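Chemist: Just dropping this structure here.
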Amino acid sequence: MMRFTIPSLLLAAGVSTAFAAAPDYEREVLPFLKQHCHACHDAKKAKAGFRVDQLGTDFLKGSTADDWHEVINQINHGKMPPEEEPRPDAKAAFAVVEWVGAKLKEAEKQARMAGGRILMRRLNRREYANTVGDLFQLDPNFVEKLKRELPADGKAEGFDRIGSALFFDQTQMASYLEWAGEIARQAVQAAPPAATTYVYEAERHLNRNESPTTEIAQAMKHQIPLGPTFYDKKATGVEMWAGHGGKEQEWCMMPYGPRPDLTKLVTQDGYYRVRVHAGASPGARGVPVVMRFIYADGTPLESVHDLPVQGTLEQPGIAEAMIFLRAGQPDQKKPFVPSWNGINDLRINNPEWNALHLRWLQGQGKIAKAVAARDEAEVARLKAEREVVLKDMAAFNGPRWLPNPQYDAQKAPRLFLDKIEVEGPLPKQWPPASHLALGLSETTPQDESGLRSVFAKLLPRAYRRPVEDAETERLVKISARALRGQKLSFHDALRLGLETLLVSPGFVFIQEPQSAKNTAARPLTAHELASRLSYFLWSSMPDDELRALADQDALKQPATLRALVTRMLRDPKSRRFAENFAGQWLDVEQFGSVEPAKEYKDYDAALKLAGREEPLAFFQQVLAENLPVTAFLDSDFLVINERLARHYGIAGVKGESFQKVALKPEHHRGGVLGMAGLMTLLADGTRTLPVRRGAWVLEKLLNDPPPPPPPNAGDIQPNTSGAKLTVRERLQKHRDEPNCASCHAKLDPYGLALENYDAIGAWRDRQNGEGIGGKNAPVIDASGALKSGREFSDLSGYKAALLAEQDKFIRAFAEKLLTYALGRPVGYVDHATLETILKSEPRLQSLVQAVVTSEPFQTK
């Protein structure tokens, strides 16, 4: 019998062996078991009925994988061998754990590989939604809703397009049936939706001017002059020249009174027309006045809409915009809060009032605590102090507000608001774009011949291949029977046929039939290859140009295929490739799931949103320029917006749009390592988690995940009271455990190298978070060594070390890309394919081209 060592198996599987040599069963694992396990778990004793001496090395056979998993759990816990027996060497124990971990991963991959064949699989929910959107030219907002609400897909190898993980059970079928009806109603509309109008009149709702005097504090009789006001209620509206005041911020809230509420108006998702009757003066600042509306603030429905004001103070005009609003649950409140870009701090708090008010509030808080503690003596003492504060407040004669000396109120921008109208729901266009996609028009016969014309045009696009007349007639008969027998209208009958189409195997599944007699690999047909291409790069059906090339059988021509892939990568739909491949590879879908602690005051909704977009925008830039994929390890540019630039300390970036920005060494950025969204994800909201960061680097960037940790291994514990140990120091304590040291010695340096990024990805030279900070905080130590032994002293050295061993990353990236493209794990059968792909230039488009021309991609 021929025997293969684990390294040789890994090499045959196309897995890099450039790391430190993987443990060998005969040399390291079996001797360990004989020395420490066989005495209690062989044929003579078999304690607990468990035979270690009979454990095989075929992890796909019977319960072998589960039995080995139990072995490493016992080793990790230090329970085996028993306490009275000599303790095994920690490095030797880790070699066993590492070998088992690699074998478990290999077994899982082999189980999903189906012998290297690409299984027939269904469309995942994103592909399904994109396909119906492109097929019927549906509104993108509806398509996004469909992606959110269809059942979640199973994942394997980090992706949701692996055939073996895409089950289709009764729950999934019921959901697809339900959504098929809604899709059909969106695609075929007999008439525009009925619209209603909500009107908000400013002079009616913002119904009072500020009083010339005000209470010095809430519920106190002593009145003081108010000082400068910030708005004036008029007969036909309200004129304002500042916000409430006190704070410097970009957007000014409206004066006092109820805000617009669209709860009763927005009962279904759709487009709504907003008309703002207003006028404005930009003042000496010269910046056009803009009103901002925040819909359903703080809910998943939230959206922000800016409208430049039309007209002047003397002659107000009407600003109009069509916006998309989501309805949510029937009883969900949907405020529509207006603000404008005036000068919020045109008036400021009187510092004397501020000091008195703060003393009053602090005193009230202390009294409340003393009362709760039933400390009568302390309550009496604090009440005496409060009397002194009350006397000082009674002696204060104001005013409450002062003019801000930075501004001239007469030259400030001004806004006059008459009313706000919101009308809807309204069609974005009529007839809808879906009617053109279906070939529906006013001249379409409202009978069986009209149904036939629609389905004859639609089916080849829906099934992504030429269709037989019988397939068309089947749907025609279903709709025609409803038209005649059930007396449905033409539109309702057509919808019934579309619902049937949308849950049919030809639509839901990517079908590449294999002959039952011939099990050998066969070349894909032109239309099968067209579909495989479009779902790889666009996550959707082929477009008309791709279908035309398939009809001409031109896709087998290398020059044509190469030009086609180039076109597809330049198409706006390639954004889906970034979202679905890079988004899952880099875990972007999870960005924003960790909520930082309040001490990280720089973290806000805008940073969270920008952090999710950054890796996708970066990937698109690398793709568009066909840059080396090593740019993901380090780069001399980022793709960021103003909010991220401020977080990263990079000057000169303006606006919300993402743009390519050159980096300097002092920025400490480049590649994906250090992106704010990623660093926040790989923390716990309070402190950094180097173990989690290191595991992410090994798994995502190097395709070398660490072995499974012991059950309940946990993360680094927080500092005990009074202690100010750095994360590295606390991790070192964890590593002092013999059963932990060997694993962490290989894992931790990959995460500790990123310690200069705090729990929200901000750069730091000293420890922060958990109440630690300041000039006396410990200096960050980011030094370490890769598995190969290559040492580094800081972050730049870490990236240089990774780039010095870039072949590992390039191979790992190629494996991830091929896995995503094929919809199955990559294993030993793909060794030659990977080697061929790796001969191409390691640039992103070049690797995509190499995958497309590979034998597994073009065969079934």
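How things are named: the first chain in the structure tokens is A, the next is B, and so on; residues count from 1 in each chain; ligands count from 1 in the order shown.
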Taking 6 positions as the minimum chain separation for residues in the same chain, which residues sit within 12 Å of A:Ile478 when counting only C-alpha atoms? Answer as a PyMOL selection string.
Modeler: chain A and resi 448+451-452+455+471-472+484-486+488+492-501
Chemist: Just the selected residues (N, CA, C and O atoms), exported as an mmCIF file, in the first residue's frame, please.
Modeler:
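Written file, result_29.cif:
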data_model
loop_
_atom_site.group_PDB
_atom_site.id
_atom_site.type_symbol
_atom_site.label_atom_id
_atom_site.label_comp_id
_atom_site.auth_asym_id
_atom_site.auth_seq_id
_atom_site.Cartn_x
_atom_site.Cartn_y
_atom_site.Cartn_z
ATOM 1 N N GLU A 448 -54.983 34.840 -25.531
ATOM 2 C CA GLU A 448 -53.965 33.805 -25.513
ATOM 3 C C GLU A 448 -52.775 34.156 -26.397
ATOM 4 O O GLU A 448 -51.625 33.853 -26.054
ATOM 5 N N LEU A 451 -50.519 36.394 -24.446
ATOM 6 C CA LEU A 451 -49.753 35.635 -23.463
ATOM 7 C C LEU A 451 -48.583 34.917 -24.131
ATOM 8 O O LEU A 451 -47.466 34.903 -23.616
ATOM 9 N N ARG A 452 -48.856 34.353 -25.292
ATOM 10 C CA ARG A 452 -47.800 33.605 -26.006
ATOM 11 C C ARG A 452 -46.658 34.528 -26.413
ATOM 12 O O ARG A 452 -45.485 34.164 -26.319
ATOM 13 N N PHE A 455 -44.503 35.189 -23.210
ATOM 14 C CA PHE A 455 -43.692 34.062 -22.732
ATOM 15 C C PHE A 455 -42.648 33.619 -23.752
ATOM 16 O O PHE A 455 -41.556 33.176 -23.373
ATOM 17 N N GLU A 471 -42.227 24.096 -23.766
ATOM 18 C CA GLU A 471 -42.003 24.797 -22.498
ATOM 19 C C GLU A 471 -42.772 26.113 -22.465
ATOM 20 O O GLU A 471 -43.347 26.487 -21.439
ATOM 21 N N THR A 472 -42.778 26.799 -23.602
ATOM 22 C CA THR A 472 -43.545 28.044 -23.690
ATOM 23 C C THR A 472 -45.035 27.753 -23.566
ATOM 24 O O THR A 472 -45.761 28.440 -22.829
ATOM 25 N N ARG A 484 -59.636 32.132 -19.290
ATOM 26 C CA ARG A 484 -60.947 31.685 -19.786
ATOM 27 C C ARG A 484 -61.798 31.086 -18.671
ATOM 28 O O ARG A 484 -62.944 31.474 -18.466
ATOM 29 N N GLY A 485 -61.205 30.116 -17.935
ATOM 30 C CA GLY A 485 -62.002 29.369 -16.963
ATOM 31 C C GLY A 485 -62.287 30.138 -15.688
ATOM 32 O O GLY A 485 -63.408 30.101 -15.178
ATOM 33 N N GLN A 486 -61.286 30.832 -15.162
ATOM 34 C CA GLN A 486 -61.470 31.557 -13.905
ATOM 35 C C GLN A 486 -61.879 33.013 -14.124
ATOM 36 O O GLN A 486 -62.054 33.751 -13.167
ATOM 37 N N LEU A 488 -60.175 35.482 -15.036
ATOM 38 C CA LEU A 488 -59.211 36.484 -14.565
ATOM 39 C C LEU A 488 -58.948 37.497 -15.672
ATOM 40 O O LEU A 488 -59.087 37.196 -16.863
ATOM 41 N N ASP A 492 -53.913 39.658 -14.534
ATOM 42 C CA ASP A 492 -53.897 38.664 -13.457
ATOM 43 C C ASP A 492 -53.494 37.292 -13.983
ATOM 44 O O ASP A 492 -52.750 36.555 -13.321
ATOM 45 N N ALA A 493 -53.987 36.937 -15.177
ATOM 46 C CA ALA A 493 -53.633 35.641 -15.765
ATOM 47 C C ALA A 493 -52.141 35.593 -16.094
ATOM 48 O O ALA A 493 -51.478 34.566 -15.892
ATOM 49 N N LEU A 494 -51.619 36.693 -16.597
ATOM 50 C CA LEU A 494 -50.189 36.755 -16.903
ATOM 51 C C LEU A 494 -49.363 36.615 -15.625
ATOM 52 O O LEU A 494 -48.347 35.906 -15.594
ATOM 53 N N ARG A 495 -49.817 37.258 -14.555
ATOM 54 C CA ARG A 495 -49.096 37.143 -13.280
ATOM 55 C C ARG A 495 -49.053 35.687 -12.813
ATOM 56 O O ARG A 495 -48.039 35.232 -12.272
ATOM 57 N N LEU A 496 -50.148 34.949 -12.998
ATOM 58 C CA LEU A 496 -50.187 33.557 -12.582
ATOM 59 C C LEU A 496 -49.127 32.740 -13.322
ATOM 60 O O LEU A 496 -48.419 31.919 -12.724
ATOM 61 N N GLY A 497 -48.989 32.986 -14.603
ATOM 62 C CA GLY A 497 -47.953 32.296 -15.369
ATOM 63 C C GLY A 497 -46.557 32.677 -14.913
ATOM 64 O O GLY A 497 -45.660 31.829 -14.840
ATOM 65 N N LEU A 498 -46.371 33.955 -14.589
ATOM 66 C CA LEU A 498 -45.059 34.404 -14.107
ATOM 67 C C LEU A 498 -44.719 33.773 -12.761
ATOM 68 O O LEU A 498 -43.566 33.407 -12.508
ATOM 69 N N GLU A 499 -45.712 33.650 -11.872
ATOM 70 C CA GLU A 499 -45.471 33.003 -10.583
ATOM 71 C C GLU A 499 -44.990 31.572 -10.785
ATOM 72 O O GLU A 499 -44.072 31.093 -10.096
ATOM 73 N N THR A 500 -45.616 30.857 -11.733
ATOM 74 C CA THR A 500 -45.203 29.488 -12.032
ATOM 75 C C THR A 500 -43.765 29.462 -12.532
ATOM 76 O O THR A 500 -42.953 28.617 -12.128
ATOM 77 N N LEU A 501 -43.432 30.402 -13.411
ATOM 78 C CA LEU A 501 -42.076 30.497 -13.953
ATOM 79 C C LEU A 501 -41.058 30.730 -12.842
ATOM 80 O O LEU A 501 -39.990 30.108 -12.810
#
Chemist: Counting only C-alpha atoms, what are the residues of stretch 216-332 of chain A within 12 Å of stretch 429-445 of chain A, and for each of them which pair of atoms is the nearest and at what distance in Å, to one decimal? Sort the table by chain and rising number, as JSON lines.
Modeler:
{"residue": "A:Gly270", "atom": "CA", "partner": "A:Gln429", "partner_atom": "CA", "distance": 11.9}
{"residue": "A:Tyr271", "atom": "CA", "partner": "A:Gln429", "partner_atom": "CA", "distance": 10.1}
{"residue": "A:Met322", "atom": "CA", "partner": "A:Gln429", "partner_atom": "CA", "distance": 11.2}
Chemist: With C-alpha atoms retained, export the selected residues as a PDB file, in the first residue's frame.
Modeler:
ATOM      1  CA  GLY A 270     -42.592  53.202  -2.933  1.00  0.00           C
ATOM      2  CA  TYR A 271     -41.751  56.582  -4.380  1.00  0.00           C
ATOM      3  CA  MET A 322     -38.936  62.087  -5.754  1.00  0.00           C
TER       4      MET A 322
END
Chemist: How would you write, as JSON, numbers by chain, the set of residues in stretch 311-358 of chain A that DSSP gives as strand (DSSP E or B)?
Modeler: {"A": [311, 316, 317, 318, 319, 320, 321, 322, 323, 324, 325, 335, 336, 337, 338, 339, 340, 347, 348, 349]}
Chemist: Would you kindly return, as a list in words, each protein, DNA or RNA residue with an atom no farther than 8 Å from any atom of A:Pro335, considering only C-alpha atoms and excluding same-chain residues fewer than 3 positions away?
Modeler: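 Skipping anything fewer than 3 positions along the chain leaves Arg259, Pro260, Asp261, Leu262, Thr263, Ile294, Tyr295, Ala296 and Asp297 of chain A.
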Chemist: Quick one: residues within 12 Å of stretch 306-318 of chain A, only C-alpha atoms counted, chain neighbours fewer than 2 positions away excluded, as a count of residues only?
Modeler: 47
Chemist: Can you pull out the residues contacting stretch 530-537 of chain A? Cut-off 10 Å, using only C-alpha atoms, and skip same-chain residues under 3 positions away; I want them as a PyMOL selection string.
Modeler: chain A and resi 123+127+130-131+161+463-465+510-512+524-527+540-543+546-551+555+561+564-565+568-569+571+573-578+580-581+817+820-823+848+852+857-858
Chemist: Just want the 7 Å neighbourhood of A:Pro228, counted on only C-alpha atoms, with same-chain residues fewer than 5 positions away dropped. Output as a list in words.
Modeler: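 Counting only C-alpha atoms, the residues come to Arg347, Trp401, Leu402 and Pro403 of chain A.
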Chemist: Kindly save the residues from that selection, with all heavy atoms included, as a PDB file, in the first residue's frame.
Modeler:
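What landed in part.pdb:
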ATOM      1  N   ARG A 347     -26.326  81.916  18.503  1.00  0.00           N
ATOM      2  CA  ARG A 347     -26.402  82.323  19.907  1.00  0.00           C
ATOM      3  C   ARG A 347     -25.782  81.219  20.739  1.00  0.00           C
ATOM      4  O   ARG A 347     -25.836  80.044  20.391  1.00  0.00           O
ATOM      5  CB  ARG A 347     -27.844  82.591  20.335  1.00  0.00           C
ATOM      6  CG  ARG A 347     -28.734  81.365  20.317  1.00  0.00           C
ATOM      7  CD  ARG A 347     -30.129  81.711  20.805  1.00  0.00           C
ATOM      8  NE  ARG A 347     -30.977  80.525  20.953  1.00  0.00           N
ATOM      9  CZ  ARG A 347     -32.230  80.566  21.393  1.00  0.00           C
ATOM     10  NH1 ARG A 347     -32.786  81.721  21.719  1.00  0.00           N
ATOM     11  NH2 ARG A 347     -32.939  79.457  21.504  1.00  0.00           N
ATOM     12  N   TRP A 401     -29.248  83.514  26.872  1.00  0.00           N
ATOM     13  CA  TRP A 401     -28.399  83.352  25.682  1.00  0.00           C
ATOM     14  C   TRP A 401     -27.630  84.637  25.408  1.00  0.00           C
ATOM     15  O   TRP A 401     -28.084  85.725  25.733  1.00  0.00           O
ATOM     16  CB  TRP A 401     -29.247  83.037  24.439  1.00  0.00           C
ATOM     17  CG  TRP A 401     -30.031  81.756  24.517  1.00  0.00           C
ATOM     18  CD1 TRP A 401     -31.354  81.627  24.837  1.00  0.00           C
ATOM     19  CD2 TRP A 401     -29.556  80.438  24.252  1.00  0.00           C
ATOM     20  NE1 TRP A 401     -31.735  80.324  24.807  1.00  0.00           N
ATOM     21  CE2 TRP A 401     -30.644  79.556  24.434  1.00  0.00           C
ATOM     22  CE3 TRP A 401     -28.320  79.918  23.891  1.00  0.00           C
ATOM     23  CZ2 TRP A 401     -30.542  78.186  24.260  1.00  0.00           C
ATOM     24  CZ3 TRP A 401     -28.216  78.550  23.706  1.00  0.00           C
ATOM     25  CH2 TRP A 401     -29.305  77.698  23.895  1.00  0.00           C
ATOM     26  N   LEU A 402     -26.474  84.469  24.749  1.00  0.00           N
ATOM     27  CA  LEU A 402     -25.672  85.616  24.315  1.00  0.00           C
ATOM     28  C   LEU A 402     -25.421  85.498  22.814  1.00  0.00           C
ATOM     29  O   LEU A 402     -25.342  84.384  22.282  1.00  0.00           O
ATOM     30  CB  LEU A 402     -24.326  85.646  25.040  1.00  0.00           C
ATOM     31  CG  LEU A 402     -24.347  85.874  26.558  1.00  0.00           C
ATOM     32  CD1 LEU A 402     -22.930  85.718  27.109  1.00  0.00           C
ATOM     33  CD2 LEU A 402     -24.914  87.246  26.892  1.00  0.00           C
ATOM     34  N   PRO A 403     -25.275  86.624  22.121  1.00  0.00           N
ATOM     35  CA  PRO A 403     -24.891  86.536  20.701  1.00  0.00           C
ATOM     36  C   PRO A 403     -23.481  85.950  20.590  1.00  0.00           C
ATOM     37  O   PRO A 403     -22.598  86.271  21.392  1.00  0.00           O
ATOM     38  CB  PRO A 403     -24.926  87.992  20.223  1.00  0.00           C
ATOM     39  CG  PRO A 403     -25.686  88.736  21.265  1.00  0.00           C
ATOM     40  CD  PRO A 403     -25.479  88.020  22.549  1.00  0.00           C
TER      41      PRO A 403
END
